[in-house]
Amino acid sequence: GCADASCFSPLLDEEPIVHARTRQRGARDRLREMAEHDPSKPVAPPSFAKRDFLLSLQEKAQARWEAEKVFEVDAVQDGTPKYMVTFPYPYMNGKLHLGHTFTLTKTEFAVGYWRLKGRRCLWPFGFHCTGMPIAACAKRLGREIEMYGCPPKFPVEEEKTSEEAEESAEAASEQSKDGKATKEAGKFKGKKSKAAAKGSDKKSQWEILESLGIAQEDIPKFVDPLHWLSYFPPLAVVDLKRMGCKIDFRRSFITTDVNPYYDSFVRWQFETLKELGRLEFGKRFTVFSPLDGQACADHDRSVGEGVNPQEYTVIKMRVLEVPEAWTELQGRDVFLAPATLRPETMYGQTNCFVLPDGEYGAFEMGNGDVFVISERAARNFAFQGYSVEYGKTQCLRKIMGTELIGLPLHGPNCPHERIYALPMLTISMEKGTGVVTSVPSDAPDDYVALLDLRKKPKLREKYGVAEEWVNFDPIPIIHIPEYGDLSAVKLTEDLNIQSQNDREKLKEAKERVYLKGFYEGVLTVGPHKGKKVLDAKDAIRQELLEQKLALPYAEPEGRVVSRSGDECVVSLCDQWFINYGEDEWRSKTEEHLENMELFASETTNAFRKTFGWLRHWACSRSFGLGTRLPWDEQYLIESLSDSTLYMSYYTVAHILQNGVLDGSAENPAIKPEQMTPAVWNYVFGRAAKPDTDISDELLEKMCTEFNYWYPFDLRVSGKDLINNHLTFCLYNHTAVFPQEKWPRGFRCNGHLLMNGEKMAKSTGNFLTLEEAIERYSADVMRLTLADAGDMLDDANFVEQNAFSNTLKLTALREFFKDIMEGAIELRQGDLNLADKLFMAEIDKTIRESDVKYERMLYRDALNVSFFEFMILRDTYRLQCGSNGMHNDVIKRFCEVQTLLITPFVPHWAESCWELLGHSESVMHAKWPASNEPDAVLLRISSYLSSTVAQFRQQRQKASKATGDTAVVLIAEEYPEWMQEGLAALVSLFDESKMEFPADIMKQLKAHPAVKGPNMKKLMPFLSSVIKEVGARGKDALDLKMPFDEKSVLEDSMDYLCHALEVSSIQVFKNNDDRKPELPPLKGKNSNPELPGAPRIVYQ
């Protein structure tokens, strides 16, 4: 009864099962390993006949679809329901890989399912070329050729591996926002860069291109960024077609002003946003690449995708006595300048902290002040208008942290005239300024660090700390309910924190104090005394800024490296911004989010979180590829901003571009310059018909296409795009289009592992889409990706599953072939019990698969429609025994099985559909019809399966002396004490909610019918019934079975004897006087017969 294809032994001779591998290995490597494993035995060459057979089916199916133009669909006006799906166009600086493919399959499966359900489905596909990545790669390649020749001869030097580089990136980001280092592995404030996670074992752009199979003589062409646009998109089209994607490639295009039609569309979009007041110009804190001289958005980064500017308040703590050794600073206004997120707590300063072995500098500011800060912080200051010269630091003196210890200071709002700089060993120089304010009343880290210095004379002696420098008690400044006026002190005592080494406890204390303090804390000092921190915080900050006692400062919340290779800063620069934080716009967009189909609550929560922080987004750049702002052409529109509304462009792209990716078709029916803003507005239903020389026929055709297909029904994406692209997409749609054209659904998924490990070229655990198809065939790859996982958790592509799936698919097709060619003898005539049971299971499988597909739970759909369905087929075959399967029943299975997995394996399905006698392509087939499954037949089917499993288990436990016959006893009724217990359960069941109360077990124990001598036996029984109710519904409470158990078992006698390996079985009701005398029940696992649970005795 095994569903695995290995049970079809004649088919295994062609290809051995290969064990899972964590990286790619060729056949030659495997032969060598096999030979080394046992050199005394000859090794037969491995065969890939089954894989090659599937590849041949693939080529044949694709040729048919191409010839019949199956996936080219236009709008109709006959009432046919539509389904439009989209996928974020991939960036064209390389080939598509298995990670792309995993997300692609979700779109592909959705199209396949909805085609079967009768929808007219459109899946268009574009290629993204906007922004920095291509331009930066081309520039880098040019530098390599200029420096090292062509082909380049690179110097031999040791460099970090990709893993070391990634660890460095993570370590740099692994800090708390106030600048104090955390030592928790794998946790940091900045979001992890997807690009950093990819890794690469290549050290140069030349080698990267070489690894993609590009000939050396062709690589110099890639110095021209435009060459990338003509090279990689056509390769992607080929790979997507070989995958069997149901894409209408007539609508494909590339972005940037190389494509004049798309360029016109994006210009219209931004002119519209400007007219609507959604764009602003001004100075904003922006992640900035000094090397590129422009803002660095997510897609312009090699490290740090998702990292945003973090704004601080820098407090000017005046140095009261400048050391004589600092001759350069004598007579100057010198300040230690800590960066804080809590300016309202400055009333409680008792000292500040510095890192003893930290490297600081005295940097001159543009107003003549001197700030003692880290060099990294000074670099950020220089791009925010604080330095003498924009973008350049002026260091007057380098200073070690030990020199700062004991400096007398005065801080704004501090009640003490003189406090001191003290050592703290956990400060990070990669976060903030390297100087940290200390408010021990409300900051557990500060309090514990101060206590350490007060309690440990040797620690003070080591760093030359005088006792009077630390004799400052915490100052009450904020009252927090439950924690009092000294929250840090109370929580340190409550959590028994002993030192700065209690990192986990300190983290917990900090989170509790900061959260409760912000929302519930009330100031007890200063002019804002009596106000909540939540209400006073911004006012206190503004007062400090106005009094020039503090200044605003920002830096990236994690490490960011641009595609050009330089570490980014935060700059205060002139920019065009999209004002995503505007209240009315945000409210309208959030409201629509709640009405969308997002398939998972985690996705909804991720969007809500993004709405919470997203405000101004810099949308212009100076360098790269793309479309220029129509009213300010010195700027390009950045890559995450020109990709928010383009799904609507798909509806008319084929009319404009005639299937040419860059829109360069000869003699186009519509010229790019004819697509004016007025025409775009008309096509998209935003304005009246314009004065244009475009024919009425073409205008109306474009309108028809847009109005039929839009809005899109589904957009599938990786979860990393929730924070930017997908949220931007929602905002732009709610701004530009009427509500009936807003997106209907997003489906997000996690990333893909391969054999349980992160995909990375550096480990060899990496496949391009092209390589995966060659290695497994498109259908096996698709099937294995479907089985890899769903929703936001990371999925796992297991290579061993791919090999197993190859066997399963080829074996199943061979089974179909045997059925159709008469190699397996079949019955005709009336249906027997086994036939009826299988027909009911087929109906159930169709309906369960339907639900899973509609909810986009593809792994569950695959399990129901393929793996479990094959087990049902094998069970049916065994139940039929020597009589054979019924012709109509098994042929129905063949057709249903083919259709149910057509979305997963379309090439295999196309071949099988033809094998089953259909002349029309399976791409035109419809979802299989089903009747309402007969509930009694399903109960019988489940009964037989569970009974055989139970009997087999008892058979395995039976003595070796056991003979080959058996007696089965069945019970038509429960014992009276069980009936009373079931009656109690029925009385507690809430039929309106179809559930038991939450405290059902407690209520049962107190129920009169349960109390008594049988309670210990009754409670486990009732617990099992409750589980059954949860699994199959209220009928689990029935006192009797809805069928005659004795008749069912006797009708299935051949099956039972074969399954249990006995020659005969006698079935008796337990009240039948003719039943033989049986040995008494022994042991706690020897259960009496009950309704639905017969007892077997082997004799």
# chains A, B, ... in the order shown; residues from 1 in each chain; ligands from 1
call {"tool": "select_by_dssp", "arguments": {"residues": "range 376-447 of chain A", "states": "alpha helix (DSSP H)", "output": "PyMOL selection string"}}
result
chain A and resi 376-382+401-404+444-447
call {"tool": "residues_around", "arguments": {"residues": "range 769-786 of chain A", "least_positions_apart": "5", "cutoff": "8 Å", "atoms": "only C-alpha atoms", "output": "JSON, numbers by chain"}}
result
{"A": [51, 52, 54, 55, 58, 95, 96, 97, 98, 101, 102, 105, 239, 242, 243, 244, 797, 798, 801, 802, 803, 805, 806, 858, 859, 862, 904, 905, 906, 907, 908]}
call {"tool": "residues_around", "arguments": {"residues": "range 527-532 of chain A", "least_positions_apart": "4", "cutoff": "12 Å", "atoms": "only C-alpha atoms", "output": "list in words"}}
result
Glu344, Thr345, Tyr347, Asn413, Pro476, Ile477, Ile478, His479, Ile480, Pro481, Lys516, Gly517, Phe518, Tyr519, Glu520, Gly521, Val522, Leu523, Ala536, Lys537, Asp538, Ala539, Ile540, Arg541 and Glu543 of chain A
call {"tool": "write_last_selection", "arguments": {"atoms": "N, CA and C atoms", "output": "short mmCIF file (atom, residue, chain, number, x, y, z; two decimals), in the first residue's frame"}}
result
data_model
loop_
_atom_site.label_atom_id
_atom_site.label_comp_id
_atom_site.auth_asym_id
_atom_site.auth_seq_id
_atom_site.Cartn_x
_atom_site.Cartn_y
_atom_site.Cartn_z
N GLU A 344 14.37 64.01 27.56
CA GLU A 344 13.55 64.41 28.71
C GLU A 344 14.16 63.95 30.03
N THR A 345 15.14 63.03 29.97
CA THR A 345 15.74 62.50 31.21
C THR A 345 17.00 63.25 31.62
N TYR A 347 17.37 65.81 33.22
CA TYR A 347 17.25 66.32 34.59
C TYR A 347 17.91 65.37 35.60
N ASN A 413 20.24 71.03 31.79
CA ASN A 413 19.16 70.55 32.68
C ASN A 413 19.67 69.71 33.85
N PRO A 476 15.53 61.38 41.44
CA PRO A 476 14.16 61.08 41.00
C PRO A 476 13.67 62.15 40.03
N ILE A 477 13.27 61.72 38.84
CA ILE A 477 12.78 62.69 37.85
C ILE A 477 11.46 62.27 37.21
N ILE A 478 11.16 60.95 37.21
CA ILE A 478 9.95 60.44 36.55
C ILE A 478 9.28 59.43 37.48
N HIS A 479 8.00 59.60 37.71
CA HIS A 479 7.25 58.62 38.49
C HIS A 479 6.54 57.66 37.53
N ILE A 480 6.80 56.37 37.74
CA ILE A 480 6.18 55.34 36.91
C ILE A 480 5.36 54.43 37.83
N PRO A 481 4.07 54.29 37.55
CA PRO A 481 3.25 53.38 38.36
C PRO A 481 3.92 52.00 38.46
N LYS A 516 7.25 51.40 29.76
CA LYS A 516 6.27 51.90 30.74
C LYS A 516 6.52 53.37 31.05
N GLY A 517 7.79 53.75 31.07
CA GLY A 517 8.13 55.14 31.35
C GLY A 517 7.61 56.08 30.27
N PHE A 518 7.68 55.66 29.02
CA PHE A 518 7.24 56.53 27.93
C PHE A 518 5.72 56.71 27.95
N TYR A 519 4.99 55.62 28.14
CA TYR A 519 3.54 55.70 28.04
C TYR A 519 2.86 56.11 29.36
N GLU A 520 3.45 55.77 30.50
CA GLU A 520 2.78 56.00 31.78
C GLU A 520 3.55 56.92 32.71
N GLY A 521 4.84 57.15 32.41
CA GLY A 521 5.66 57.97 33.29
C GLY A 521 5.20 59.42 33.34
N VAL A 522 5.35 60.03 34.53
CA VAL A 522 4.99 61.44 34.74
C VAL A 522 6.20 62.17 35.30
N LEU A 523 6.56 63.30 34.69
CA LEU A 523 7.71 64.08 35.15
C LEU A 523 7.44 64.68 36.53
N ALA A 536 5.40 65.46 27.05
CA ALA A 536 6.43 66.47 27.30
C ALA A 536 7.71 66.25 26.51
N LYS A 537 7.93 65.05 26.04
CA LYS A 537 9.21 64.69 25.42
C LYS A 537 9.62 65.65 24.31
N ASP A 538 8.74 65.88 23.33
CA ASP A 538 9.09 66.71 22.18
C ASP A 538 9.29 68.17 22.58
N ALA A 539 8.51 68.63 23.54
CA ALA A 539 8.64 70.02 23.98
C ALA A 539 9.98 70.25 24.66
N ILE A 540 10.41 69.30 25.49
CA ILE A 540 11.71 69.42 26.17
C ILE A 540 12.84 69.41 25.14
N ARG A 541 12.72 68.55 24.17
CA ARG A 541 13.75 68.50 23.13
C ARG A 541 13.83 69.82 22.38
N GLU A 543 13.00 72.77 23.38
CA GLU A 543 13.60 73.80 24.23
C GLU A 543 15.12 73.70 24.23
#
call {"tool": "residues_around", "arguments": {"residues": "Leu1060 in chain A", "least_positions_apart": "5", "cutoff": "8 Å", "atoms": "only C-alpha atoms", "output": "ChimeraX atom specification"}}
result
/A:948,951-952,955
call {"tool": "write_last_selection", "arguments": {"atoms": "N, CA, C and O atoms", "output": "mmCIF file, in the first residue's frame"}}
result
data_model
loop_
_atom_site.group_PDB
_atom_site.id
_atom_site.type_symbol
_atom_site.label_atom_id
_atom_site.label_comp_id
_atom_site.auth_asym_id
_atom_site.auth_seq_id
_atom_site.Cartn_x
_atom_site.Cartn_y
_atom_site.Cartn_z
ATOM 1 N N VAL A 948 -7.555 -1.376 10.414
ATOM 2 C CA VAL A 948 -6.414 -2.143 9.893
ATOM 3 C C VAL A 948 -5.130 -1.730 10.589
ATOM 4 O O VAL A 948 -4.296 -2.582 10.942
ATOM 5 N N PHE A 951 -5.192 -3.276 14.042
ATOM 6 C CA PHE A 951 -5.011 -4.735 13.980
ATOM 7 C C PHE A 951 -3.569 -5.096 13.624
ATOM 8 O O PHE A 951 -3.015 -6.066 14.130
ATOM 9 N N ARG A 952 -2.944 -4.324 12.743
ATOM 10 C CA ARG A 952 -1.545 -4.582 12.387
ATOM 11 C C ARG A 952 -0.640 -4.397 13.603
ATOM 12 O O ARG A 952 0.292 -5.168 13.831
ATOM 13 N N ARG A 955 -0.975 -7.263 15.726
ATOM 14 C CA ARG A 955 -0.337 -8.415 15.082
ATOM 15 C C ARG A 955 1.164 -8.420 15.358
ATOM 16 O O ARG A 955 1.756 -9.464 15.634
#
call {"tool": "residues_around", "arguments": {"residues": "range 581-585 of chain A", "least_positions_apart": "4", "cutoff": "7 Å", "atoms": "only C-alpha atoms", "output": "PyMOL selection string"}}
result
chain A and resi 589+614-616
call {"tool": "write_last_selection", "arguments": {"atoms": "C-alpha atoms", "output": "short mmCIF file (atom, residue, chain, number, x, y, z; two decimals), in the first residue's frame"}}
result
data_model
loop_
_atom_site.label_atom_id
_atom_site.label_comp_id
_atom_site.auth_asym_id
_atom_site.auth_seq_id
_atom_site.Cartn_x
_atom_site.Cartn_y
_atom_site.Cartn_z
CA THR A 589 -4.41 53.43 2.86
CA LEU A 614 7.07 55.22 7.33
CA ARG A 615 7.02 58.96 6.71
CA HIS A 616 9.02 60.90 4.13
#
call {"tool": "atom_distance", "arguments": {"atom1": "CA of Ser1063 in chain A", "atom2": "CA of Ile890 in chain A"}}
result
27.7 Å
call {"tool": "closest_atom_pairs", "arguments": {"of": "range 199-257 of chain A", "to": "range 639-659 of chain A", "cutoff": "7 Å", "atoms": "only C-alpha atoms", "output": "Markdown table"}}
result
| residue | atom | partner | partner_atom | distance |
| --- | --- | --- | --- | --- |
| A:Phe249 | CA | A:Gly659 | CA | 6.9 |
| A:Arg250 | CA | A:Gly659 | CA | 4.1 |
| A:Arg251 | CA | A:His654 | CA | 4.5 |
| A:Ser252 | CA | A:Gly659 | CA | 6.8 |
call {"tool": "write_last_selection", "arguments": {"atoms": "N, CA and C atoms", "output": "PDB file, in the first residue's frame"}}
result
ATOM      1  N   PHE A 249       4.149  37.133 -22.373  1.00  0.00           N
ATOM      2  CA  PHE A 249       5.384  37.882 -22.591  1.00  0.00           C
ATOM      3  C   PHE A 249       5.212  39.046 -23.572  1.00  0.00           C
ATOM      4  N   ARG A 250       4.080  39.130 -24.221  1.00  0.00           N
ATOM      5  CA  ARG A 250       3.827  40.304 -25.055  1.00  0.00           C
ATOM      6  C   ARG A 250       3.834  41.579 -24.210  1.00  0.00           C
ATOM      7  N   ARG A 251       3.511  41.434 -22.936  1.00  0.00           N
ATOM      8  CA  ARG A 251       3.388  42.583 -22.051  1.00  0.00           C
ATOM      9  C   ARG A 251       4.668  42.847 -21.265  1.00  0.00           C
ATOM     10  N   SER A 252       5.736  42.119 -21.541  1.00  0.00           N
ATOM     11  CA  SER A 252       6.990  42.297 -20.812  1.00  0.00           C
ATOM     12  C   SER A 252       7.708  43.556 -21.270  1.00  0.00           C
TER      13      SER A 252
END
call {"tool": "closest_residue", "arguments": {"among": "A:Asp794, A:Glu638, A:Glu275, A:Glu375", "to": "Asp300 in chain A", "atoms": "only C-alpha atoms"}}
result
A:Glu638
call {"tool": "residues_around", "arguments": {"residues": "Ser865 in chain A", "least_positions_apart": "6", "cutoff": "9 Å", "atoms": "only C-alpha atoms", "output": "list of chain:residue names"}}
result
A:Thr845, A:Ile846, A:Glu848, A:Ser849, A:Gln897, A:Leu900, A:Ile901
call {"tool": "write_last_selection", "arguments": {"atoms": "C-alpha atoms", "output": "tab-separated table (two decimals), in the first residue's frame"}}
result
chain	number	residue	atom	x	y	z
A	845	THR	CA	-9.87	15.12	-2.05
A	846	ILE	CA	-11.19	17.45	-4.77
A	848	GLU	CA	-10.07	19.68	0.29
A	849	SER	CA	-7.58	20.51	-2.47
A	897	GLN	CA	-5.13	13.23	-10.14
A	900	LEU	CA	-5.35	18.43	-9.21
A	901	ILE	CA	-1.59	18.70	-9.67
